[in-house]
>>> print(open('entry-v2.cif').read())   # mmCIF, C-alpha atoms
data_target
loop_
_atom_site.label_atom_id
_atom_site.label_comp_id
_atom_site.auth_asym_id
_atom_site.auth_seq_id
_atom_site.Cartn_x
_atom_site.Cartn_y
_atom_site.Cartn_z
CA MET A 1 0.00 0.00 0.00
CA ALA A 2 1.09 3.59 -0.58
CA PHE A 3 1.74 5.72 2.50
CA PRO A 4 1.38 9.48 2.61
CA ARG A 5 4.70 11.11 1.83
CA PRO A 6 6.65 12.30 4.89
CA VAL A 7 6.27 15.99 5.69
CA TYR A 8 9.81 17.14 6.47
CA TYR A 9 8.77 20.75 7.07
CA PRO A 10 5.50 20.49 9.05
CA PRO A 11 3.39 23.48 10.14
CA PHE A 12 5.10 23.38 13.55
CA ASN A 13 7.90 21.34 15.12
CA ILE A 14 6.91 18.55 17.51
CA THR A 15 10.06 16.97 18.95
CA ARG A 16 8.69 13.95 20.84
CA ALA A 17 6.00 12.44 23.01
CA GLY A 18 6.82 13.81 26.42
CA HIS A 19 4.47 12.97 29.28
CA MET A 20 1.18 11.52 30.48
CA VAL A 21 -1.51 12.85 32.81
CA LEU A 22 -3.55 10.11 34.49
CA SER A 23 -6.26 10.20 37.14
CA VAL A 24 -6.07 7.68 39.99
CA ARG A 25 -8.25 6.88 42.99
CA ASP A 26 -5.59 6.31 45.67
CA LEU A 27 -2.56 8.58 45.36
CA ALA A 28 -0.62 6.91 48.15
CA ARG A 29 -0.98 3.43 46.65
CA SER A 30 -0.13 4.73 43.18
CA ARG A 31 2.91 6.50 44.61
CA ASP A 32 4.12 3.23 46.14
CA PHE A 33 3.70 1.43 42.84
CA TYR A 34 5.40 4.00 40.64
CA THR A 35 8.32 4.67 43.00
CA ASN A 36 8.99 1.27 44.57
CA VAL A 37 8.15 -1.01 41.62
CA ILE A 38 8.68 1.06 38.49
CA GLY A 39 11.32 3.27 40.11
CA LEU A 40 10.24 6.75 39.04
CA VAL A 41 11.42 9.79 41.02
CA VAL A 42 8.96 12.17 42.71
CA SER A 43 9.61 15.75 41.61
CA ASP A 44 6.75 17.36 43.57
CA GLU A 45 3.52 16.34 45.24
CA ASP A 46 0.58 17.70 47.17
CA ALA A 47 -2.71 16.32 48.44
CA ASP A 48 -4.18 15.98 44.95
CA THR A 49 -1.27 15.53 42.50
CA ILE A 50 2.05 13.70 42.17
CA TYR A 51 4.68 14.62 39.55
CA LEU A 52 7.18 11.92 38.59
CA ARG A 53 10.10 11.55 36.19
CA GLY A 54 12.71 9.06 34.97
CA LEU A 55 16.28 9.00 36.23
CA GLU A 56 17.92 10.85 33.34
CA GLU A 57 15.13 13.36 32.72
CA ILE A 58 15.78 17.03 33.45
CA GLY A 59 12.22 18.10 32.69
CA HIS A 60 10.16 18.34 35.87
CA HIS A 61 7.79 15.48 35.03
CA SER A 62 6.94 12.82 32.51
CA LEU A 63 4.05 11.37 34.49
CA VAL A 64 1.39 13.30 36.41
CA LEU A 65 -1.07 11.51 38.70
CA GLU A 66 -4.21 13.43 39.63
CA LYS A 67 -6.56 12.27 42.37
CA THR A 68 -10.11 11.42 41.31
CA THR A 69 -13.23 10.04 42.96
CA GLY A 70 -14.56 8.88 39.62
CA GLN A 71 -13.39 6.48 36.94
CA PRO A 72 -9.59 6.61 36.42
CA GLU A 73 -8.82 8.03 32.97
CA CYS A 74 -6.07 9.27 30.70
CA CYS A 75 -6.61 13.01 31.10
CA ARG A 76 -4.08 14.27 28.56
CA ILE A 77 -1.09 13.22 26.49
CA GLY A 78 1.88 15.57 26.49
CA LEU A 79 3.83 16.47 23.36
CA ARG A 80 6.97 18.58 23.40
CA VAL A 81 7.60 21.22 20.74
CA LEU A 82 10.91 22.92 20.08
CA THR A 83 10.21 26.52 21.17
CA ASP A 84 7.40 28.82 22.26
CA GLU A 85 7.30 30.12 18.69
CA GLU A 86 6.32 26.62 17.61
CA LEU A 87 3.45 26.74 20.09
CA GLU A 88 2.16 29.87 18.39
CA LYS A 89 2.41 28.12 15.04
CA ALA A 90 0.57 25.11 16.47
CA ALA A 91 -2.26 27.31 17.77
CA ARG A 92 -2.66 28.94 14.36
CA HIS A 93 -2.53 25.61 12.53
CA PHE A 94 -5.07 23.86 14.76
CA THR A 95 -7.40 26.84 14.51
CA SER A 96 -7.11 26.77 10.72
CA ILE A 97 -8.30 23.16 10.59
CA GLY A 98 -11.13 23.68 13.08
CA LEU A 99 -9.75 22.03 16.21
CA ALA A 100 -10.28 24.92 18.70
CA PRO A 101 -7.01 24.95 20.70
CA ARG A 102 -6.86 26.89 23.97
CA TRP A 103 -4.09 28.14 26.21
CA ALA A 104 -3.83 26.61 29.69
CA GLU A 105 -1.91 27.33 32.88
CA VAL A 106 -0.16 24.12 33.93
CA PRO A 107 2.15 23.91 36.99
CA PHE A 108 5.87 23.41 36.27
CA GLN A 109 5.37 23.85 32.51
CA GLY A 110 5.99 26.80 30.25
CA ARG A 111 3.22 28.04 27.98
CA THR A 112 0.90 25.12 27.35
CA LEU A 113 -1.61 24.54 24.57
CA HIS A 114 -4.55 22.17 24.99
CA VAL A 115 -6.18 20.63 21.94
CA ALA A 116 -8.04 17.46 20.97
CA ASP A 117 -7.16 15.75 17.71
CA PRO A 118 -9.91 15.05 15.12
CA PHE A 119 -10.58 11.70 16.81
CA GLY A 120 -11.10 13.14 20.30
CA VAL A 121 -7.71 12.37 21.91
CA PRO A 122 -6.76 15.19 24.35
CA TYR A 123 -3.24 16.60 24.09
CA GLU A 124 -1.21 19.31 25.77
CA LEU A 125 1.79 20.83 24.02
CA CYS A 126 4.61 22.69 25.72
CA ALA A 127 8.15 23.75 24.84
CA SER A 128 9.65 23.81 28.33
CA MET A 129 9.33 22.64 31.92
CA THR A 130 10.90 23.56 35.22
CA ARG A 131 14.41 22.13 35.16
CA VAL A 132 15.43 19.55 37.75
CA ASP A 133 18.64 17.63 38.40
CA ARG A 134 19.16 14.29 36.71
CA ALA A 135 18.84 11.49 39.26
CA ILE A 136 20.93 9.08 37.19
CA MET A 137 24.09 9.96 39.16
CA LYS A 138 22.43 9.16 42.50
CA SER A 139 22.60 5.42 41.99
CA MET A 140 22.36 4.66 45.70
CA HIS A 141 18.74 5.81 45.52
CA HIS A 142 17.67 3.93 42.37
CA ALA A 143 14.65 1.70 42.96
CA GLY A 144 12.56 -0.84 41.10
CA GLY A 145 13.08 -0.84 37.36
CA ALA A 146 15.16 2.36 37.48
CA PRO A 147 13.63 3.77 34.27
CA LEU A 148 15.65 6.33 32.36
CA ARG A 149 13.06 8.34 30.44
CA PHE A 150 9.60 8.42 28.93
CA ASP A 151 9.65 6.62 25.59
CA HIS A 152 6.32 6.18 23.77
CA LEU A 153 2.63 5.45 24.08
CA GLN A 154 0.13 3.30 22.22
CA LEU A 155 -3.47 4.14 21.43
CA HIS A 156 -6.38 2.04 20.22
CA MET A 157 -8.08 3.79 17.31
CA THR A 158 -10.78 2.77 14.84
CA GLU A 159 -9.63 4.37 11.58
CA ILE A 160 -5.90 3.80 11.27
CA ALA A 161 -5.53 5.14 7.73
CA LYS A 162 -7.11 8.48 8.69
CA VAL A 163 -5.00 8.61 11.85
CA CYS A 164 -1.86 8.00 9.79
CA ASP A 165 -2.78 10.79 7.38
CA PHE A 166 -3.40 13.30 10.16
CA TYR A 167 -0.22 12.63 12.12
CA THR A 168 1.87 12.50 8.96
CA SER A 169 0.63 16.02 8.24
CA LEU A 170 2.09 17.08 11.63
CA GLY A 171 5.51 15.72 10.71
CA PHE A 172 5.31 12.23 12.22
CA ARG A 173 6.99 9.55 10.11
CA THR A 174 5.95 5.89 9.96
CA SER A 175 8.62 3.35 10.86
CA ASP A 176 6.48 0.19 10.64
CA TYR A 177 2.93 -0.74 9.75
CA LEU A 178 0.72 -3.81 10.13
CA VAL A 179 -1.76 -5.29 7.71
CA ALA A 180 -4.23 -8.11 8.41
CA GLY A 181 -7.16 -9.96 6.88
CA PRO A 182 -7.90 -11.08 3.32
CA SER A 183 -7.93 -7.48 2.06
CA GLU A 184 -4.76 -6.64 4.00
CA ASP A 185 -6.38 -3.82 5.94
CA LEU A 186 -4.10 -1.33 7.65
CA VAL A 187 -4.43 -2.21 11.36
CA GLY A 188 -1.42 -0.48 12.95
CA VAL A 189 1.19 2.24 12.46
CA PHE A 190 4.30 3.04 14.48
CA MET A 191 5.06 6.76 14.17
CA HIS A 192 7.92 8.89 15.45
CA ARG A 193 9.33 12.40 15.72
CA LYS A 194 12.48 11.62 17.69
CA ASP A 195 15.17 9.46 16.15
CA ILE A 196 13.87 6.04 17.19
CA PRO A 197 10.96 4.10 15.62
CA TRP A 198 8.17 5.15 17.95
CA ASP A 199 6.62 8.08 19.76
CA LEU A 200 2.97 7.33 19.02
CA VAL A 201 1.74 3.84 18.13
CA PHE A 202 -1.79 3.41 16.79
CA LEU A 203 -3.39 -0.04 16.61
CA ARG A 204 -6.89 -0.82 15.44
CA GLY A 205 -9.26 -1.47 18.30
CA SER A 206 -12.21 -0.08 20.19
CA GLY A 207 -11.31 3.54 20.75
CA PRO A 208 -9.99 6.03 21.08
CA ARG A 209 -8.42 4.60 24.23
CA MET A 210 -4.91 4.60 25.72
CA HIS A 211 -3.46 1.10 25.65
CA HIS A 212 -0.12 1.76 27.36
CA PHE A 213 2.74 4.16 27.86
CA ALA A 214 6.39 3.14 28.14
CA TYR A 215 9.64 3.99 29.86
CA VAL A 216 13.13 2.94 28.76
CA VAL A 217 15.34 0.89 31.10
CA SER A 218 19.06 0.24 30.77
CA THR A 219 19.16 -3.56 30.99
CA ALA A 220 16.90 -6.60 31.07
CA GLN A 221 17.95 -7.02 34.70
CA ASP A 222 16.15 -3.75 35.49
CA MET A 223 12.91 -5.33 34.27
CA PHE A 224 13.48 -8.42 36.40
CA ARG A 225 14.19 -6.21 39.41
CA ALA A 226 10.90 -4.35 38.80
CA CYS A 227 9.10 -7.71 38.78
CA ASP A 228 10.86 -8.72 42.01
CA CYS A 229 9.85 -5.41 43.59
CA ALA A 230 6.27 -5.97 42.45
CA GLY A 231 6.27 -9.21 44.42
CA LEU A 232 8.04 -7.66 47.41
CA PHE A 233 5.59 -4.75 47.69
CA LYS A 234 2.51 -6.94 47.09
CA PHE A 235 1.90 -5.78 43.52
CA GLY A 236 2.84 -9.15 41.99
CA PRO A 237 -0.51 -9.70 40.20
CA LEU A 238 0.03 -6.38 38.36
CA VAL A 239 2.82 -7.91 36.25
CA GLU A 240 0.64 -8.55 33.20
CA HIS A 241 2.77 -9.73 30.29
CA GLY A 242 6.42 -10.62 29.89
CA PRO A 243 9.33 -10.43 30.20
CA GLY A 244 9.56 -11.19 26.50
CA ARG A 245 10.77 -9.87 23.18
CA HIS A 246 8.71 -8.10 20.53
CA GLY A 247 9.37 -9.39 17.03
CA MET A 248 8.53 -5.97 15.67
CA GLY A 249 11.13 -3.54 16.96
CA HIS A 250 13.20 -6.41 18.38
CA VAL A 251 13.07 -5.05 21.93
CA GLN A 252 12.61 -6.77 25.27
CA PHE A 253 9.60 -5.73 27.34
CA THR A 254 7.51 -6.23 30.45
CA TYR A 255 3.98 -4.87 30.89
CA PHE A 256 2.50 -3.85 34.24
CA ARG A 257 -0.92 -2.61 35.30
CA ASP A 258 -0.93 0.10 37.93
CA PRO A 259 -3.41 -0.08 40.86
CA ASP A 260 -6.06 1.70 38.74
CA GLY A 261 -5.57 -0.49 35.67
CA HIS A 262 -3.47 1.92 33.58
CA ARG A 263 -0.96 -0.11 31.58
CA LEU A 264 2.78 0.66 31.65
CA GLU A 265 5.56 -0.96 29.66
CA LEU A 266 9.24 -1.13 30.59
CA VAL A 267 11.28 -1.57 27.44
CA LEU A 268 14.94 -1.70 26.47
CA ASP A 269 16.21 1.14 24.33
CA ALA A 270 15.33 0.98 20.62
CA PRO A 271 17.87 -1.05 18.62
CA HIS A 272 18.04 1.24 15.59
CA LEU A 273 17.90 4.91 14.67
CA MET A 274 15.37 6.51 12.32
CA THR A 275 17.09 9.81 11.60
CA ASP A 276 17.90 9.44 7.91
CA VAL A 277 15.51 9.94 5.01
CA GLU A 278 16.45 6.53 3.59
CA ASN A 279 14.26 4.93 6.21
CA GLU A 280 10.94 3.88 4.71
CA PRO A 281 7.91 2.26 6.38
CA VAL A 282 8.40 -1.47 6.95
CA ARG A 283 5.39 -3.64 6.13
CA TRP A 284 4.41 -6.42 8.55
CA ASP A 285 1.89 -8.96 7.29
CA PRO A 286 0.86 -12.07 9.27
CA GLU A 287 3.52 -14.24 7.60
CA LYS A 288 6.34 -11.81 8.40
CA ARG A 289 5.13 -11.50 11.98
CA ARG A 290 5.13 -15.30 12.37
CA ASN A 291 8.76 -15.39 11.25
CA ALA A 292 9.88 -12.53 13.50
CA ILE A 293 12.41 -13.26 16.22
CA ASP A 294 10.25 -12.99 19.30
CA TRP A 295 9.83 -15.08 22.40
CA GLY A 296 7.60 -15.38 25.44
CA ASN A 297 4.01 -16.48 25.81
CA PRO A 298 1.22 -14.59 24.00
CA PRO A 299 -0.41 -11.82 26.05
CA PRO A 300 -3.55 -12.54 28.05
CA ARG A 301 -6.86 -11.66 26.46
CA ARG A 302 -7.21 -8.58 28.67
CA TRP A 303 -4.00 -7.17 27.12
CA TYR A 304 -5.88 -6.93 23.84
CA ASP A 305 -9.23 -5.86 25.26
CA ASP A 306 -8.51 -3.54 28.21
CA ALA A 307 -7.42 0.07 27.78
CA THR A 308 -7.83 3.41 29.54
CA HIS A 309 -10.63 5.76 28.51
CA PHE A 310 -10.27 9.47 27.79
CA PRO A 311 -12.56 11.95 29.61
CA GLY A 312 -15.95 12.34 27.96
CA ILE A 313 -15.06 10.09 25.00
CA GLU A 314 -17.23 7.02 24.43
CA PRO A 315 -15.10 4.52 22.47
CA LYS A 316 -16.42 3.15 19.22
CA ILE A 317 -16.51 -0.65 19.39
CA MET A 318 -14.42 -2.50 16.81
CA PRO A 319 -14.40 -6.23 16.00
CA MET A 320 -11.35 -8.30 16.87
CA THR A 321 -8.39 -7.89 14.53
CA PRO A 322 -7.78 -11.09 12.51
CA GLY A 323 -4.90 -13.25 13.66
CA ARG A 324 -5.03 -12.31 17.34
CA VAL A 325 -3.71 -15.03 19.66
CA ALA A 326 -4.35 -14.67 23.37
CA LEU A 327 -2.63 -16.64 26.13
CA GLU A 328 -5.89 -18.36 27.05
CA ASP A 329 -6.29 -19.64 23.46
CA TYR A 330 -2.66 -20.70 23.32
CA LEU A 331 -2.86 -22.70 26.56
CA ALA A 332 -6.14 -24.31 25.48
CA THR A 333 -4.32 -26.04 22.62
CA PHE A 334 -2.36 -28.10 25.17
CA SER A 335 -5.51 -29.35 26.96
CA ARG A 336 -7.13 -30.94 23.94
#
>>> encode(input="entry-v2.cif", output="structure tokens")
Amino acid sequence: MAFPRPVYYPPFNITRAGHMVLSVRDLARSRDFYTNVIGLVVSDEDADTIYLRGLEEIGHHSLVLEKTTGQPECCRIGLRVLTDEELEKAARHFTSIGLAPRWAEVPFQGRTLHVADPFGVPYELCASMTRVDRAIMKSMHHAGGAPLRFDHLQLHMTEIAKVCDFYTSLGFRTSDYLVAGPSEDLVGVFMHRKDIPWDLVFLRGSGPRMHHFAYVVSTAQDMFRACDCAGLFKFGPLVEHGPGRHGMGHVQFTYFRDPDGHRLELVLDAPHLMTDVENEPVRWDPEKRRNAIDWGNPPPRRWYDDATHFPGIEPKIMPMTPGRVALEDYLATFSR
């Protein structure tokens, strides 16, 4: 299939996916999970909000937890742009295509622009945050998985081709894409602005919903230590899938669910760069995926079905993508 041509000079300059804002019911329990198991560092906190970051991050936060008495949700997804001038360009561009951006005051961030994409996903864009010291040098205080930095996030969406067109127009490039079914429908795209294969991943599913967000760790041992800490701090059942290796991307991973059901992935750093224009989208059909070098059991059925809702957005229900194999189905083959 033909992909939209990359836009090397987009209307404004997004540099990367930068942070997440989630609502949670029990801040203290969430704090224990994200600091003791995952290993994030608390930058600031009060009675209603906790700001966390990875060990090498100098921006004030890459994860914000906001207390709620309602259903836990993904409140906003943070994108970084290069400068405040790019924010002005973004505001003009979104207004020109009818998306109604608005300026917002956000603690510990510079000027911040709120906008929802055409599919309803809420974003906030900023060019700067309050600067903090890197914690990477304070190794005596590293805990859990000791994550380095925010890496990417994955969303379930219903119309992947339209999603790909929109984000390509903002300068995102596609590193890999998935096709499935007799007509080889486009069911997934891996898109990036920084120089690795993913910032935003969109897979076909009931949505829009947030499937997971990810942090980079230094070694596979960091993932095992996070799993050990999950058991030690009585979060063992929240280790959902892995450790294993993705065939696509060729990276090792472990998925966790936080106490409110939000899904987090710890992943080793990407094995290849995507800086140069020679890189073109790599097509993954079912046969190529079967021959990929991956290992580990298939994910449980809930890994496919469960995802976090966005505020005020009722997901559109989509049928199951062809070729899906869940752990329950896989294990059932041994009981026949």
>>> resolve_selection(input="entry-v2.cif", expression="the PyMOL selection byres ((chain A and resi 42) around 9)", output="list in words")
Arg31, Thr35, Leu40, Val41, Ser43, Asp44, Glu45, Ile50, Tyr51, Leu52, Arg53 and His61 of chain A
>>> write_last_selection(input="entry-v2.cif", atoms="C-alpha atoms", output="CSV table (one decimal), keeping the file's coordinate frame")
chain,number,residue,atom,x,y,z
A,31,ARG,CA,2.9,6.5,44.6
A,35,THR,CA,8.3,4.7,43.0
A,40,LEU,CA,10.2,6.8,39.0
A,41,VAL,CA,11.4,9.8,41.0
A,43,SER,CA,9.6,15.8,41.6
A,44,ASP,CA,6.8,17.4,43.6
A,45,GLU,CA,3.5,16.3,45.2
A,50,ILE,CA,2.0,13.7,42.2
A,51,TYR,CA,4.7,14.6,39.6
A,52,LEU,CA,7.2,11.9,38.6
A,53,ARG,CA,10.1,11.6,36.2
A,61,HIS,CA,7.8,15.5,35.0
>>> atom_distance(input="entry-v2.cif", atom1="atom CA of Tyr9 of chain A", atom2="atom CA of Gly171 of chain A")
7.0 Å
>>> atom_distance(input="entry-v2.cif", atom1="atom CA of Leu268 of chain A", atom2="atom CA of Gly145 of chain A")
11.1 Å
>>> resolve_selection(input="entry-v2.cif", expression="the PyMOL selection byres ((chain A and resi 4) around 9)", output="VMD selection string")
chain A and resid 2 to 3 5 to 7 164 to 165 168 to 169
>>> resolve_selection(input="entry-v2.cif", expression="the PyMOL selection byres ((chain A and resi 16-29) around 8)", output="PDB file with C-alpha atoms, in the frame of the given file")
ATOM      1  CA  ILE A  14       6.910  18.550  17.510  1.00  0.00           C
ATOM      2  CA  THR A  15      10.060  16.970  18.950  1.00  0.00           C
ATOM      3  CA  SER A  30      -0.130   4.730  43.180  1.00  0.00           C
ATOM      4  CA  ARG A  31       2.910   6.500  44.610  1.00  0.00           C
ATOM      5  CA  ASP A  32       4.120   3.230  46.140  1.00  0.00           C
ATOM      6  CA  PHE A  33       3.700   1.430  42.840  1.00  0.00           C
ATOM      7  CA  ASP A  48      -4.180  15.980  44.950  1.00  0.00           C
ATOM      8  CA  THR A  49      -1.270  15.530  42.500  1.00  0.00           C
ATOM      9  CA  ILE A  50       2.050  13.700  42.170  1.00  0.00           C
ATOM     10  CA  HIS A  61       7.790  15.480  35.030  1.00  0.00           C
ATOM     11  CA  SER A  62       6.940  12.820  32.510  1.00  0.00           C
ATOM     12  CA  LEU A  63       4.050  11.370  34.490  1.00  0.00           C
ATOM     13  CA  VAL A  64       1.390  13.300  36.410  1.00  0.00           C
ATOM     14  CA  LEU A  65      -1.070  11.510  38.700  1.00  0.00           C
ATOM     15  CA  GLU A  66      -4.210  13.430  39.630  1.00  0.00           C
ATOM     16  CA  LYS A  67      -6.560  12.270  42.370  1.00  0.00           C
ATOM     17  CA  THR A  68     -10.110  11.420  41.310  1.00  0.00           C
ATOM     18  CA  THR A  69     -13.230  10.040  42.960  1.00  0.00           C
ATOM     19  CA  GLY A  70     -14.560   8.880  39.620  1.00  0.00           C
ATOM     20  CA  GLN A  71     -13.390   6.480  36.940  1.00  0.00           C
ATOM     21  CA  PRO A  72      -9.590   6.610  36.420  1.00  0.00           C
ATOM     22  CA  GLU A  73      -8.820   8.030  32.970  1.00  0.00           C
ATOM     23  CA  CYS A  74      -6.070   9.270  30.700  1.00  0.00           C
ATOM     24  CA  CYS A  75      -6.610  13.010  31.100  1.00  0.00           C
ATOM     25  CA  ARG A  76      -4.080  14.270  28.560  1.00  0.00           C
ATOM     26  CA  ILE A  77      -1.090  13.220  26.490  1.00  0.00           C
ATOM     27  CA  GLY A  78       1.880  15.570  26.490  1.00  0.00           C
ATOM     28  CA  LEU A  79       3.830  16.470  23.360  1.00  0.00           C
ATOM     29  CA  ARG A  80       6.970  18.580  23.400  1.00  0.00           C
ATOM     30  CA  VAL A  81       7.600  21.220  20.740  1.00  0.00           C
ATOM     31  CA  PHE A 150       9.600   8.420  28.930  1.00  0.00           C
ATOM     32  CA  ASP A 151       9.650   6.620  25.590  1.00  0.00           C
ATOM     33  CA  HIS A 152       6.320   6.180  23.770  1.00  0.00           C
ATOM     34  CA  LEU A 153       2.630   5.450  24.080  1.00  0.00           C
ATOM     35  CA  HIS A 192       7.920   8.890  15.450  1.00  0.00           C
ATOM     36  CA  ARG A 193       9.330  12.400  15.720  1.00  0.00           C
ATOM     37  CA  LYS A 194      12.480  11.620  17.690  1.00  0.00           C
ATOM     38  CA  ASP A 199       6.620   8.080  19.760  1.00  0.00           C
ATOM     39  CA  LEU A 200       2.970   7.330  19.020  1.00  0.00           C
ATOM     40  CA  PHE A 213       2.740   4.160  27.860  1.00  0.00           C
ATOM     41  CA  PRO A 259      -3.410  -0.080  40.860  1.00  0.00           C
ATOM     42  CA  ASP A 260      -6.060   1.700  38.740  1.00  0.00           C
TER      43      ASP A 260
END
>>> closest_residue(input="entry-v2.cif", among="A:Pro281, A:Gly144, A:Pro122, A:Pro299", to="Phe224 of chain A", atoms="only C-alpha atoms")
A:Gly144
>>> residues_around(input="entry-v2.cif", residues="segment 36-38 of chain A", least_positions_apart="4", cutoff="9 Å", atoms="all atoms listed in the file", output="PyMOL selection string")
chain A and resi 31-32+143-147+223+225-233+235+256+266
>>> atom_distance(input="entry-v2.cif", atom1="atom CA of Met274 of chain A", atom2="atom CA of Ser175 of chain A")
7.6 Å
>>> residues_around(input="entry-v2.cif", residues="segment 322-333 of chain A", least_positions_apart="5", cutoff="7 Å", atoms="all atoms listed in the file", output="PyMOL selection string")
chain A and resi 180-181+297-301
>>> write_last_selection(input="entry-v2.cif", atoms="C-alpha atoms", output="mmCIF file, in the coordinates of the input")
data_model
loop_
_atom_site.group_PDB
_atom_site.id
_atom_site.type_symbol
_atom_site.label_atom_id
_atom_site.label_comp_id
_atom_site.auth_asym_id
_atom_site.auth_seq_id
_atom_site.Cartn_x
_atom_site.Cartn_y
_atom_site.Cartn_z
ATOM 1 C CA ALA A 180 -4.230 -8.110 8.410
ATOM 2 C CA GLY A 181 -7.160 -9.960 6.880
ATOM 3 C CA ASN A 297 4.010 -16.480 25.810
ATOM 4 C CA PRO A 298 1.220 -14.590 24.000
ATOM 5 C CA PRO A 299 -0.410 -11.820 26.050
ATOM 6 C CA PRO A 300 -3.550 -12.540 28.050
ATOM 7 C CA ARG A 301 -6.860 -11.660 26.460
#
>>> axis_aligned_box(input="entry-v2.cif", around="segment 246-259 of chain A", padding_each_side="4 Å", output="JSON")
{"center_x": 4.9, "center_y": -4.6, "center_z": 28.3, "size_x": 24.6, "size_y": 17.5, "size_z": 33.2}
>>> residues_around(input="entry-v2.cif", residues="Ala135 of chain A", least_positions_apart="3", cutoff="7 Å", atoms="only C-alpha atoms", output="PyMOL selection string")
chain A and resi 55-56+138
>>> residues_around(input="entry-v2.cif", residues="Pro118 of chain A", least_positions_apart="3", cutoff="9 Å", atoms="all atoms listed in the file", output="PDB file with C-alpha atoms, in the frame of the given file")
ATOM      1  CA  GLY A  98     -11.130  23.680  13.080  1.00  0.00           C
ATOM      2  CA  LEU A  99      -9.750  22.030  16.210  1.00  0.00           C
ATOM      3  CA  VAL A 121      -7.710  12.370  21.910  1.00  0.00           C
ATOM      4  CA  VAL A 163      -5.000   8.610  11.850  1.00  0.00           C
ATOM      5  CA  PHE A 166      -3.400  13.300  10.160  1.00  0.00           C
TER       6      PHE A 166
END
>>> residues_around(input="entry-v2.cif", residues="segment 203-208 of chain A", least_positions_apart="6", cutoff="7 Å", atoms="all atoms listed in the file", output="list of chain:residue names")
A:Val121, A:Leu155, A:His156, A:Met157, A:Thr158, A:Ile160, A:Val187, A:Gly188, A:Val189, A:Pro315, A:Lys316, A:Ile317, A:Met318
>>> closest_residue(input="entry-v2.cif", among="A:Val217, A:Ile196, A:Ala47, A:Leu264", to="Asn279 of chain A", atoms="all atoms listed in the file")
A:Ile196
>>> closest_residue(input="entry-v2.cif", among="A:Pro197, A:Gly59, A:Pro10, A:Gly120", to="Glu314 of chain A", atoms="all atoms listed in the file")
A:Gly120
>>> residues_near_point(input="entry-v2.cif", point="(-1.1, 29.6, 17.1)", cutoff="12 Å", atoms="all atoms listed in the file", output="PDB file with C-alpha atoms, in the coordinates of the input")
ATOM      1  CA  PRO A  11       3.390  23.480  10.140  1.00  0.00           C
ATOM      2  CA  PHE A  12       5.100  23.380  13.550  1.00  0.00           C
ATOM      3  CA  ASP A  84       7.400  28.820  22.260  1.00  0.00           C
ATOM      4  CA  GLU A  85       7.300  30.120  18.690  1.00  0.00           C
ATOM      5  CA  GLU A  86       6.320  26.620  17.610  1.00  0.00           C
ATOM      6  CA  LEU A  87       3.450  26.740  20.090  1.00  0.00           C
ATOM      7  CA  GLU A  88       2.160  29.870  18.390  1.00  0.00           C
ATOM      8  CA  LYS A  89       2.410  28.120  15.040  1.00  0.00           C
ATOM      9  CA  ALA A  90       0.570  25.110  16.470  1.00  0.00           C
ATOM     10  CA  ALA A  91      -2.260  27.310  17.770  1.00  0.00           C
ATOM     11  CA  ARG A  92      -2.660  28.940  14.360  1.00  0.00           C
ATOM     12  CA  HIS A  93      -2.530  25.610  12.530  1.00  0.00           C
ATOM     13  CA  PHE A  94      -5.070  23.860  14.760  1.00  0.00           C
ATOM     14  CA  THR A  95      -7.400  26.840  14.510  1.00  0.00           C
ATOM     15  CA  SER A  96      -7.110  26.770  10.720  1.00  0.00           C
ATOM     16  CA  ILE A  97      -8.300  23.160  10.590  1.00  0.00           C
ATOM     17  CA  LEU A  99      -9.750  22.030  16.210  1.00  0.00           C
ATOM     18  CA  ALA A 100     -10.280  24.920  18.700  1.00  0.00           C
ATOM     19  CA  PRO A 101      -7.010  24.950  20.700  1.00  0.00           C
ATOM     20  CA  ARG A 102      -6.860  26.890  23.970  1.00  0.00           C
ATOM     21  CA  TRP A 103      -4.090  28.140  26.210  1.00  0.00           C
ATOM     22  CA  ARG A 111       3.220  28.040  27.980  1.00  0.00           C
ATOM     23  CA  THR A 112       0.900  25.120  27.350  1.00  0.00           C
ATOM     24  CA  LEU A 113      -1.610  24.540  24.570  1.00  0.00           C
ATOM     25  CA  HIS A 114      -4.550  22.170  24.990  1.00  0.00           C
ATOM     26  CA  VAL A 115      -6.180  20.630  21.940  1.00  0.00           C
ATOM     27  CA  LEU A 125       1.790  20.830  24.020  1.00  0.00           C
TER      28      LEU A 125
END
